[in-house]
Number of protein chains: 2
Amino acid sequence: MEATQPVQRIFALMLALALLIIPSLAQTETPKKDAPPVPPPPPRLNAETYRDEAARIIGAALTDDTAYRRLAYLSDHIGNRLSGSTQLEEAIKWVVSEMKRDRLDNVRAERVLVPHWVRGEESVELLEPVSRKLTMLGLGNSVGTPPGGITAEAVVVRDFDELDALGEKARGKIVVFNAPFTTYGQTVQYRGLGPSRAARYGAVAALVRSVGPVSLQTPHTGALRYSEDQPKIPAAALTIEGAETLRRMQERGERIRIRLRMDAKFLPDAESANVVAELKGREKPEEVIVIGGHIDSWDVGTGSTDDGGGCLVSWEVVRLLKKLNLRPRRTIRVVLFTNEENGVRGGNGYADAHKAELANHVLAIESDSGVFRPSGFGLSEDASPQSRSDVREIARLLAGIKADRIDPDGEGTDIAPMMKEGVTGMSLNVDGTHYFDIHHTQADTMDKIDPHELALCVATMALMAYVVADMPARLGR
Amino acid sequence: MEATQPVQRIFALMLALALLIIPSLAQTETPKKDAPPVPPPPPRLNAETYRDEAARIIGAALTDDTAYRRLAYLSDHIGNRLSGSTQLEEAIKWVVSEMKRDRLDNVRAERVLVPHWVRGEESVELLEPVSRKLTMLGLGNSVGTPPGGITAEAVVVRDFDELDALGEKARGKIVVFNAPFTTYGQTVQYRGLGPSRAARYGAVAALVRSVGPVSLQTPHTGALRYSEDQPKIPAAALTIEGAETLRRMQERGERIRIRLRMDAKFLPDAESANVVAELKGREKPEEVIVIGGHIDSWDVGTGSTDDGGGCLVSWEVVRLLKKLNLRPRRTIRVVLFTNEENGVRGGNGYADAHKAELANHVLAIESDSGVFRPSGFGLSEDASPQSRSDVREIARLLAGIKADRIDPDGEGTDIAPMMKEGVTGMSLNVDGTHYFDIHHTQADTMDKIDPHELALCVATMALMAYVVADMPARLGR
């Protein structure tokens with residue numbers, strides 16, 4: 001008996017530990033007690049059968065700098081490409097011509113009318129307590145000021161609660177939203193909705209702290225969205241530096257006066273186009289996998305990351321598969337959407353023009369989060385369990401380049417209109433650490449693109465698109 | 001015998017290991033065989049006797065935001081302060097008046113004439129292969145261009161070797177130095193010496209990639225140094241983005257043409273001053289510890305880090321010690337030097353005006369590396385072993401705030417003229433990770449200052465200055 005006592009003690013200890021651990025394990029695995037987990041359906045394919053093609057695709061992508069060189073040309077020679085600009089139309093013509101040189105199938109520009117907003121001259125001058133110019137960028141789609149500008153007292157708020165607390169005291173003033181960056185989704189509200197929220201209380205203009213985590217006097221533009229039921233007041237982004245200066249002045253009890261001048265206005269809608277090209281399917285050409293990005297950009301920097309990179313990745317996927325003689329069962333269609341930034345006319349136009357075809361759209365993948373190191377894909381929340389299972393199986397082929405993560409949600413501004421019609425959507429997901437440092441700024445330029453990371457994006461997108469297009473069963477059905 | 005065998009084996013193994021390790025240990029400890037290490041002299045004081053004062057100083061610094069608030073005022077209300085500007089003179093007047101309000105001893109402005117360089121209008125336009133404005137900042141002390149600018153073909157080089165290889169092919173061209181940032185010391189050569197090196201081969205202007213590790217279209221200015229034996233050609237900084245664009249164009253074999261316009265010029269020397277104030281010593285007032293930074297800055301941003309922070313730290317040391325009734329044996333003298341950035345007339349002027357006193361200058365500490373988290377001090381390379389031993393002993397009091405490192409070398413542009421006359425020099429050393437992100441840019445602004453880190457700098461500088469000023473024996477003697 002004595003000799004066995006230590007063993008008994010250890011057993012008792014393990015039992016106690018197990019009792020402590022097991023409930024928490026159970027809690028992790030079944031969060032909802034009333035919804036017992038349904039086992040995921042088995043995938044409709046065995047990824048191993050694509051191991052050879054995977055090696056050829058990844059190898060080719062990582063030894064070819066065509067996409068990088070073309071993105072550099074687009075950035076350096078054409079530059080930024082706001083809807084309505086000659087550069088956007090120059091870019092579209094250049095892509096169509098190059099795609100024809102690549103001998104892609106059915107290369108075409110599908111006409112879309114786009115809004116034509118122009119920035120014009122603009123400035124923010126601090127008049128009191130000291131006289132100083134503040135670095136700024138008008139927000140996209142903003143109305144302009146009268147020619148002499150708007151001169152008013154400014155009041156700084158940190159969030160909508162502070163604005164609401166201010167209420168009628170905002171009347172006649174310029175409201176400065178100084179919301180520190182948390183996530184893009186949370187912080188971009190002040191850019192999108194802030195101007196109309198301020199107008200509700202009678203503000204005459206709005207200034208918004210740039211939506212980004214860091215700043216070297218870096219203003220970020222981007223679209224605002226006016227509410228129909230409020231007067232439209234002009235709005236511009238300040239840098240973090242500028243917004244923080246105003247905050248300190250207000251905290252010291254100083255009266256702040258500002259003059260905002262903006263010539264911004266809309267011209268009549270302009271001609272533009274979605275660029276479309278295909279690798280036509282060998283067995284079921286009517287079934288389509290769309291891959292794409294957007295060819296327009298803001299009117300600052302060169303739009304290399306947002307979204308020149310997404311365009312070049314999608315385009316290169318089709319060029320590379322063609323070069324490798326990998327023609328899948330279904331059609332892979334690259335679409336470079338126009339007007340993502342301030343209207344989504346390209347995405348809506350595509351869904352409208354191809355309405356009859358959408359039931360045959362197997363999948364749509366958008367790359368619009370930069371072309372940094374890819375982690376994998378996001379798959380739309382409402383994708384069928386079978387789709388999720390299939391996509392996870394395909395992603396196994398991407399484990400060797402660490403791009404095999406399938407995130408629970410995926411979206412894209414340009415593919416959203418298709419997704420609303422039932423098309424399964426995916427996003428190419430990448431390391432987002434530095435995306436919002438340069439987003440919608442003068443610093444979105446070619447030097448921020450790493451050729452290796454770009455090539456990894458091509459490999460990742462190409463492999464997913466190819467296997468979904470080629471697998472015997474249709475994805476998710 | 002048998003029983004002892006394992007022990008013998010272990011012993012043999014240890015002996016073998018020891019034989020392997022000892023020589024390498026010896027190598028680490030005595031790098032020069034012909035210079036046997038001299039044991040450092042024992043310190044001339046026991047830091048423990050200052051433990052109470054250390055607690056009072058650190059406690060006071062970490063609970064007082066006067067320095068932060070004053071730096072914010074200097075930044076927000078006076079702004080940048082280039083030599084010759086009205087803002088510099090406004091800053092000097094404001095400091096003198098506030099120091100008098102602080103009731104510091106012997107507050108005065110010591111007159112110095114400074115160079116008066118003005119930037120004027122300036123631009124860099126890319127004309128070929130595409131037409132585009134490039135973000136730029138003229139280099140300090142540069143000559144201007146003729147009114148219509150200088151238009152020439154550009155050639156991009158990575159370093160001086162590439163320039164030398166180019167030789168006469170640089171004649172008539174604009175030389176673009178595109179040296180990636182390594183360390184400041186290595187990379188700043190191209191800004192300082194590049195223009196004259198290019199002029200030697202007949203270049204008509206020079207453009208220099210900004211000296212910094214990161215960029216959001218951020219140009220960095222700073223002084224160039226013309227060689228007397230070469231023609232003076234105008235020179236400006238490009239952003240990393242701009243310089244890399246030109247490099248890619250050249251690598252694609254494209255002809256690059258640029259127009260540089262700069263109105264830069266020197267006006268007649270202007271009146272300025274070093275600001276001096278003291279905490280007069282209670283026993284040996286003639287023995288002086290100088291602490292300081294420079295009150296001038298470049299004409300961009302607000303000079304909050306370079307070197308508003310260094311000024312406020314030094315000033316606050318004296319204010320805080322006075323407030324704590326800690327009057328040391330010797331005099332602590334704060335000097336806010338003028339014209340560090342483009343002439344060092346303040347540093348030279350001080351050494352000239354106080355020549356007779358310099359033998360009684362016990363120590364000079366400069367804070368001009370930013371006011372980020374302090375790590376301790378650098379002590380001038382030629383400081384006596386006794387000084388080093390004393391300073392290390394004092395630094396023990398800073399271990400609690402992790403600011404107790406004494407680096408082997410210390411310097412400062414403004415104290416260098418004194419050091420040449422034999423005064424021991426020290427630098428306040430801080431975490432330099434982000435210093436060169438903002439150095440000489442629009443982004444050197446108040447938001448880059450962390451109030452806690454600033455307070456730690458005050459504590460660190462105050463403690464070192466106080467103990468050196470108060471210890472019974474003179475430092476290092």
# chains A, B, ... in the order shown; residues from 1 in each chain; ligands from 1
>>> interface_residues(of="chain A", to="chain B", cutoff="6 Å", atoms="only C-alpha atoms", output="count of residues only")
3
>>> select_by_dssp(residues="stretch 55-145 of chain B", states="strand (DSSP E)", output="list in words")
Asp105, Asn106, Val107, Arg108, Ala109, Glu110, Arg111, Val112, Leu113, Val114, Pro115, His116, Trp117, Val118, Glu122, Ser123, Val124, Glu125, Leu126, Leu127, Glu128, Arg132, Lys133, Leu134, Met136, Leu137 and Gly138 of chain B
>>> write_last_selection(atoms="C-alpha atoms", output="tab-separated table (two decimals), in the first residue's frame")
chain	number	residue	atom	x	y	z
B	105	ASP	CA	20.49	83.35	-12.36
B	106	ASN	CA	22.26	85.61	-14.88
B	107	VAL	CA	19.73	85.18	-17.68
B	108	ARG	CA	21.10	86.80	-20.83
B	109	ALA	CA	21.26	86.69	-24.62
B	110	GLU	CA	24.88	86.66	-25.81
B	111	ARG	CA	25.01	88.33	-29.22
B	112	VAL	CA	26.19	86.27	-32.21
B	113	LEU	CA	26.02	87.17	-35.92
B	114	VAL	CA	24.60	84.32	-37.99
B	115	PRO	CA	24.44	83.51	-41.70
B	116	HIS	CA	21.08	84.33	-43.23
B	117	TRP	CA	20.27	81.79	-45.93
B	118	VAL	CA	16.80	81.91	-47.46
B	122	GLU	CA	11.93	76.09	-55.54
B	123	SER	CA	10.87	73.11	-57.65
B	124	VAL	CA	12.08	70.03	-59.50
B	125	GLU	CA	10.21	69.12	-62.67
B	126	LEU	CA	10.77	65.91	-64.52
B	127	LEU	CA	10.46	66.77	-68.23
B	128	GLU	CA	11.43	63.45	-69.85
B	132	ARG	CA	5.77	65.32	-63.52
B	133	LYS	CA	6.64	67.44	-60.47
B	134	LEU	CA	8.97	65.77	-58.00
B	136	MET	CA	11.92	68.26	-53.17
B	137	LEU	CA	13.63	70.53	-50.64
B	138	GLY	CA	16.66	72.63	-51.51
>>> closest_residue(among="B:Arg191, B:Arg327, B:His294, B:Lys173", to="B:Asp159", atoms="only C-alpha atoms")
B:Arg191
>>> residues_around(residues="stretch 283-290 of chain B", least_positions_apart="6", cutoff="8 Å", atoms="only C-alpha atoms", output="PyMOL selection string")
chain B and resi 328-335+360-365+465+468-469
>>> write_last_selection(atoms="C-alpha atoms", output="CSV table (one decimal), in the first residue's frame")
chain,number,residue,atom,x,y,z
B,328,PRO,CA,25.1,72.4,-6.1
B,329,ARG,CA,28.7,73.4,-5.2
B,330,ARG,CA,29.5,74.4,-8.8
B,331,THR,CA,27.5,76.5,-11.4
B,332,ILE,CA,25.2,74.7,-13.9
B,333,ARG,CA,24.9,76.9,-17.0
B,334,VAL,CA,22.3,76.2,-19.6
B,335,VAL,CA,23.3,77.4,-23.1
B,360,ASN,CA,37.0,76.2,-15.4
B,361,HIS,CA,34.5,74.4,-17.6
B,362,VAL,CA,34.3,71.0,-15.8
B,363,LEU,CA,32.0,69.4,-18.3
B,364,ALA,CA,29.7,70.2,-21.3
B,365,ILE,CA,26.7,68.1,-22.0
B,465,ALA,CA,24.6,67.6,-14.1
B,468,VAL,CA,28.9,66.4,-11.3
B,469,ALA,CA,28.3,70.0,-10.1
>>> atom_distance(atom1="atom CA of B:Tyr226", atom2="atom CA of B:Phe177")
15.8 Å
>>> select_by_dssp(residues="stretch 124-182 of chain B", states="helix (DSSP H, G or I)", output="VMD selection string")
chain B and resid 160 to 170
>>> residues_around(residues="B:Ile449", least_positions_apart="4", cutoff="12 Å", atoms="only C-alpha atoms", output="PyMOL selection string")
(chain A and resi 241+244) or (chain B and resi 67-69+71-72+75+302-310+312+370-373+434-435+438+443-445+453-455+457)
>>> write_last_selection(atoms="N, CA and C atoms", output="short mmCIF file (atom, residue, chain, number, x, y, z; two decimals), in the first residue's frame")
data_model
loop_
_atom_site.label_atom_id
_atom_site.label_comp_id
_atom_site.auth_asym_id
_atom_site.auth_seq_id
_atom_site.Cartn_x
_atom_site.Cartn_y
_atom_site.Cartn_z
N GLU A 241 -0.33 65.38 -37.86
CA GLU A 241 0.39 66.51 -37.27
C GLU A 241 -0.51 67.74 -37.15
N GLU A 244 -3.48 67.24 -34.63
CA GLU A 244 -3.00 67.26 -33.25
C GLU A 244 -2.61 68.68 -32.81
N ALA B 67 8.15 71.29 -19.12
CA ALA B 67 8.99 71.22 -20.32
C ALA B 67 8.14 70.83 -21.53
N TYR B 68 7.24 69.88 -21.34
CA TYR B 68 6.39 69.45 -22.45
C TYR B 68 5.49 70.59 -22.91
N ARG B 69 4.88 71.28 -21.96
CA ARG B 69 3.97 72.37 -22.32
C ARG B 69 4.73 73.50 -23.02
N LEU B 71 7.53 73.18 -24.73
CA LEU B 71 7.95 72.72 -26.06
C LEU B 71 6.76 72.79 -27.03
N ALA B 72 5.57 72.46 -26.54
CA ALA B 72 4.37 72.55 -27.38
C ALA B 72 4.11 74.01 -27.78
N SER B 75 6.64 75.01 -30.39
CA SER B 75 6.32 74.36 -31.67
C SER B 75 5.10 74.98 -32.32
N THR B 302 8.47 71.98 -37.21
CA THR B 302 8.55 72.95 -36.11
C THR B 302 9.78 72.75 -35.24
N GLY B 303 10.73 71.93 -35.71
CA GLY B 303 11.97 71.75 -34.95
C GLY B 303 11.72 71.29 -33.52
N SER B 304 10.70 70.46 -33.33
CA SER B 304 10.38 70.02 -31.96
C SER B 304 11.41 69.03 -31.46
N THR B 305 11.85 68.15 -32.35
CA THR B 305 12.85 67.15 -31.96
C THR B 305 14.26 67.70 -32.18
N ASP B 306 14.48 68.43 -33.27
CA ASP B 306 15.80 68.97 -33.62
C ASP B 306 15.74 70.48 -33.66
N ASP B 307 16.00 71.16 -32.54
CA ASP B 307 16.41 70.59 -31.27
C ASP B 307 15.63 71.27 -30.15
N GLY B 308 14.35 71.58 -30.44
CA GLY B 308 13.52 72.15 -29.38
C GLY B 308 13.58 71.30 -28.12
N GLY B 309 13.52 69.99 -28.31
CA GLY B 309 13.54 69.06 -27.18
C GLY B 309 14.81 69.21 -26.35
N GLY B 310 15.95 69.27 -27.02
CA GLY B 310 17.22 69.41 -26.30
C GLY B 310 17.28 70.70 -25.50
N LEU B 312 14.63 72.39 -24.31
CA LEU B 312 13.69 72.34 -23.18
C LEU B 312 14.21 71.44 -22.06
N GLY B 370 17.52 64.14 -30.20
CA GLY B 370 16.12 63.89 -29.92
C GLY B 370 15.91 63.63 -28.44
N VAL B 371 14.63 63.67 -28.02
CA VAL B 371 14.31 63.45 -26.61
C VAL B 371 13.44 62.21 -26.49
N PHE B 372 13.88 61.16 -27.18
CA PHE B 372 13.26 59.84 -27.05
C PHE B 372 13.75 59.22 -25.75
N ARG B 373 13.41 57.95 -25.54
CA ARG B 373 13.77 57.31 -24.29
C ARG B 373 15.28 57.35 -24.07
N HIS B 434 13.74 56.15 -34.37
CA HIS B 434 12.93 56.93 -35.31
C HIS B 434 13.45 58.35 -35.57
N TYR B 435 14.63 58.65 -35.05
CA TYR B 435 15.15 60.02 -35.19
C TYR B 435 15.28 60.42 -36.66
N ILE B 438 12.34 61.58 -39.23
CA ILE B 438 11.77 62.93 -39.25
C ILE B 438 12.81 64.04 -39.34
N ALA B 443 7.97 66.79 -40.94
CA ALA B 443 7.35 65.93 -39.94
C ALA B 443 8.02 66.01 -38.57
N ASP B 444 9.02 66.90 -38.43
CA ASP B 444 9.60 67.12 -37.11
C ASP B 444 8.68 68.08 -36.37
N THR B 445 7.67 67.49 -35.72
CA THR B 445 6.60 68.26 -35.10
C THR B 445 6.32 67.72 -33.70
N GLU B 453 8.82 60.23 -22.18
CA GLU B 453 10.22 60.12 -22.61
C GLU B 453 10.95 61.45 -22.40
N LEU B 454 10.27 62.54 -22.69
CA LEU B 454 10.86 63.87 -22.45
C LEU B 454 11.19 64.04 -20.97
N ALA B 455 10.27 63.63 -20.10
CA ALA B 455 10.49 63.76 -18.65
C ALA B 455 11.66 62.88 -18.21
N CYS B 457 14.23 62.20 -20.02
CA CYS B 457 15.44 62.92 -20.45
C CYS B 457 15.80 64.01 -19.44
#
>>> residues_around(residues="B:Ala235", least_positions_apart="5", cutoff="8 Å", atoms="only C-alpha atoms", output="count of residues only")
9
>>> decode(residues="stretch 65-96 of chain B", atoms="N, CA and C atoms", output="mmCIF file, in the first residue's frame")
data_model
loop_
_atom_site.group_PDB
_atom_site.id
_atom_site.type_symbol
_atom_site.label_atom_id
_atom_site.label_comp_id
_atom_site.auth_asym_id
_atom_site.auth_seq_id
_atom_site.Cartn_x
_atom_site.Cartn_y
_atom_site.Cartn_z
ATOM 1 N N ASP B 65 4.967 68.686 -16.042
ATOM 2 C CA ASP B 65 4.901 68.740 -17.503
ATOM 3 C C ASP B 65 5.288 70.112 -18.061
ATOM 4 N N THR B 66 6.006 70.888 -17.265
ATOM 5 C CA THR B 66 6.380 72.228 -17.734
ATOM 6 C C THR B 66 7.174 72.171 -19.044
ATOM 7 N N ALA B 67 8.154 71.288 -19.119
ATOM 8 C CA ALA B 67 8.991 71.218 -20.324
ATOM 9 C C ALA B 67 8.139 70.828 -21.533
ATOM 10 N N TYR B 68 7.243 69.878 -21.343
ATOM 11 C CA TYR B 68 6.386 69.446 -22.449
ATOM 12 C C TYR B 68 5.486 70.594 -22.910
ATOM 13 N N ARG B 69 4.881 71.276 -21.958
ATOM 14 C CA ARG B 69 3.973 72.370 -22.324
ATOM 15 C C ARG B 69 4.733 73.503 -23.019
ATOM 16 N N ARG B 70 5.935 73.783 -22.530
ATOM 17 C CA ARG B 70 6.718 74.850 -23.171
ATOM 18 C C ARG B 70 7.171 74.444 -24.575
ATOM 19 N N LEU B 71 7.530 73.183 -24.728
ATOM 20 C CA LEU B 71 7.946 72.725 -26.062
ATOM 21 C C LEU B 71 6.764 72.791 -27.032
ATOM 22 N N ALA B 72 5.567 72.461 -26.541
ATOM 23 C CA ALA B 72 4.366 72.554 -27.382
ATOM 24 C C ALA B 72 4.106 74.009 -27.782
ATOM 25 N N TYR B 73 4.314 74.919 -26.839
ATOM 26 C CA TYR B 73 4.112 76.335 -27.165
ATOM 27 C C TYR B 73 5.126 76.796 -28.221
ATOM 28 N N LEU B 74 6.388 76.445 -27.991
ATOM 29 C CA LEU B 74 7.448 76.807 -28.952
ATOM 30 C C LEU B 74 7.103 76.261 -30.339
ATOM 31 N N SER B 75 6.636 75.014 -30.388
ATOM 32 C CA SER B 75 6.323 74.364 -31.671
ATOM 33 C C SER B 75 5.097 74.979 -32.324
ATOM 34 N N ASP B 76 4.030 75.103 -31.543
ATOM 35 C CA ASP B 76 2.747 75.516 -32.118
ATOM 36 C C ASP B 76 2.688 77.012 -32.394
ATOM 37 N N HIS B 77 3.309 77.798 -31.536
ATOM 38 C CA HIS B 77 3.138 79.253 -31.666
ATOM 39 C C HIS B 77 4.291 79.938 -32.368
ATOM 40 N N ILE B 78 5.494 79.414 -32.222
ATOM 41 C CA ILE B 78 6.635 80.066 -32.881
ATOM 42 C C ILE B 78 7.015 79.271 -34.132
ATOM 43 N N GLY B 79 7.008 77.955 -34.045
ATOM 44 C CA GLY B 79 7.275 77.147 -35.237
ATOM 45 C C GLY B 79 8.764 77.035 -35.530
ATOM 46 N N ASN B 80 9.098 76.795 -36.797
ATOM 47 C CA ASN B 80 10.511 76.568 -37.124
ATOM 48 C C ASN B 80 11.323 77.857 -37.032
ATOM 49 N N ARG B 81 12.658 77.701 -36.931
ATOM 50 C CA ARG B 81 13.501 78.819 -36.485
ATOM 51 C C ARG B 81 14.858 78.796 -37.180
ATOM 52 N N LEU B 82 14.846 79.050 -38.480
ATOM 53 C CA LEU B 82 16.128 79.060 -39.202
ATOM 54 C C LEU B 82 16.904 80.337 -38.865
ATOM 55 N N SER B 83 18.206 80.240 -38.836
ATOM 56 C CA SER B 83 19.056 81.415 -38.585
ATOM 57 C C SER B 83 18.673 82.554 -39.519
ATOM 58 N N GLY B 84 18.490 83.721 -38.949
ATOM 59 C CA GLY B 84 18.104 84.891 -39.740
ATOM 60 C C GLY B 84 16.609 85.136 -39.773
ATOM 61 N N SER B 85 15.826 84.147 -39.341
ATOM 62 C CA SER B 85 14.368 84.292 -39.409
ATOM 63 C C SER B 85 13.846 85.078 -38.214
ATOM 64 N N THR B 86 12.681 85.713 -38.405
ATOM 65 C CA THR B 86 12.066 86.419 -37.283
ATOM 66 C C THR B 86 11.643 85.429 -36.200
ATOM 67 N N GLN B 87 11.274 84.178 -36.612
ATOM 68 C CA GLN B 87 10.856 83.209 -35.604
ATOM 69 C C GLN B 87 11.989 82.865 -34.637
ATOM 70 N N LEU B 88 13.229 82.767 -35.166
ATOM 71 C CA LEU B 88 14.351 82.435 -34.274
ATOM 72 C C LEU B 88 14.503 83.536 -33.230
ATOM 73 N N GLU B 89 14.409 84.768 -33.683
ATOM 74 C CA GLU B 89 14.594 85.864 -32.722
ATOM 75 C C GLU B 89 13.408 85.934 -31.749
ATOM 76 N N GLU B 90 12.219 85.591 -32.255
ATOM 77 C CA GLU B 90 11.042 85.529 -31.373
ATOM 78 C C GLU B 90 11.236 84.444 -30.312
ATOM 79 N N ALA B 91 11.764 83.305 -30.744
ATOM 80 C CA ALA B 91 11.998 82.198 -29.804
ATOM 81 C C ALA B 91 12.999 82.609 -28.738
ATOM 82 N N ILE B 92 14.066 83.271 -29.164
ATOM 83 C CA ILE B 92 15.106 83.691 -28.218
ATOM 84 C C ILE B 92 14.526 84.666 -27.191
ATOM 85 N N LYS B 93 13.741 85.623 -27.666
ATOM 86 C CA LYS B 93 13.119 86.594 -26.749
ATOM 87 C C LYS B 93 12.184 85.902 -25.767
ATOM 88 N N TRP B 94 11.405 84.959 -26.304
ATOM 89 C CA TRP B 94 10.453 84.253 -25.436
ATOM 90 C C TRP B 94 11.187 83.449 -24.364
ATOM 91 N N VAL B 95 12.262 82.753 -24.752
ATOM 92 C CA VAL B 95 13.009 81.951 -23.778
ATOM 93 C C VAL B 95 13.602 82.853 -22.697
ATOM 94 N N VAL B 96 14.233 83.960 -23.114
ATOM 95 C CA VAL B 96 14.845 84.866 -22.134
ATOM 96 C C VAL B 96 13.790 85.360 -21.144
#
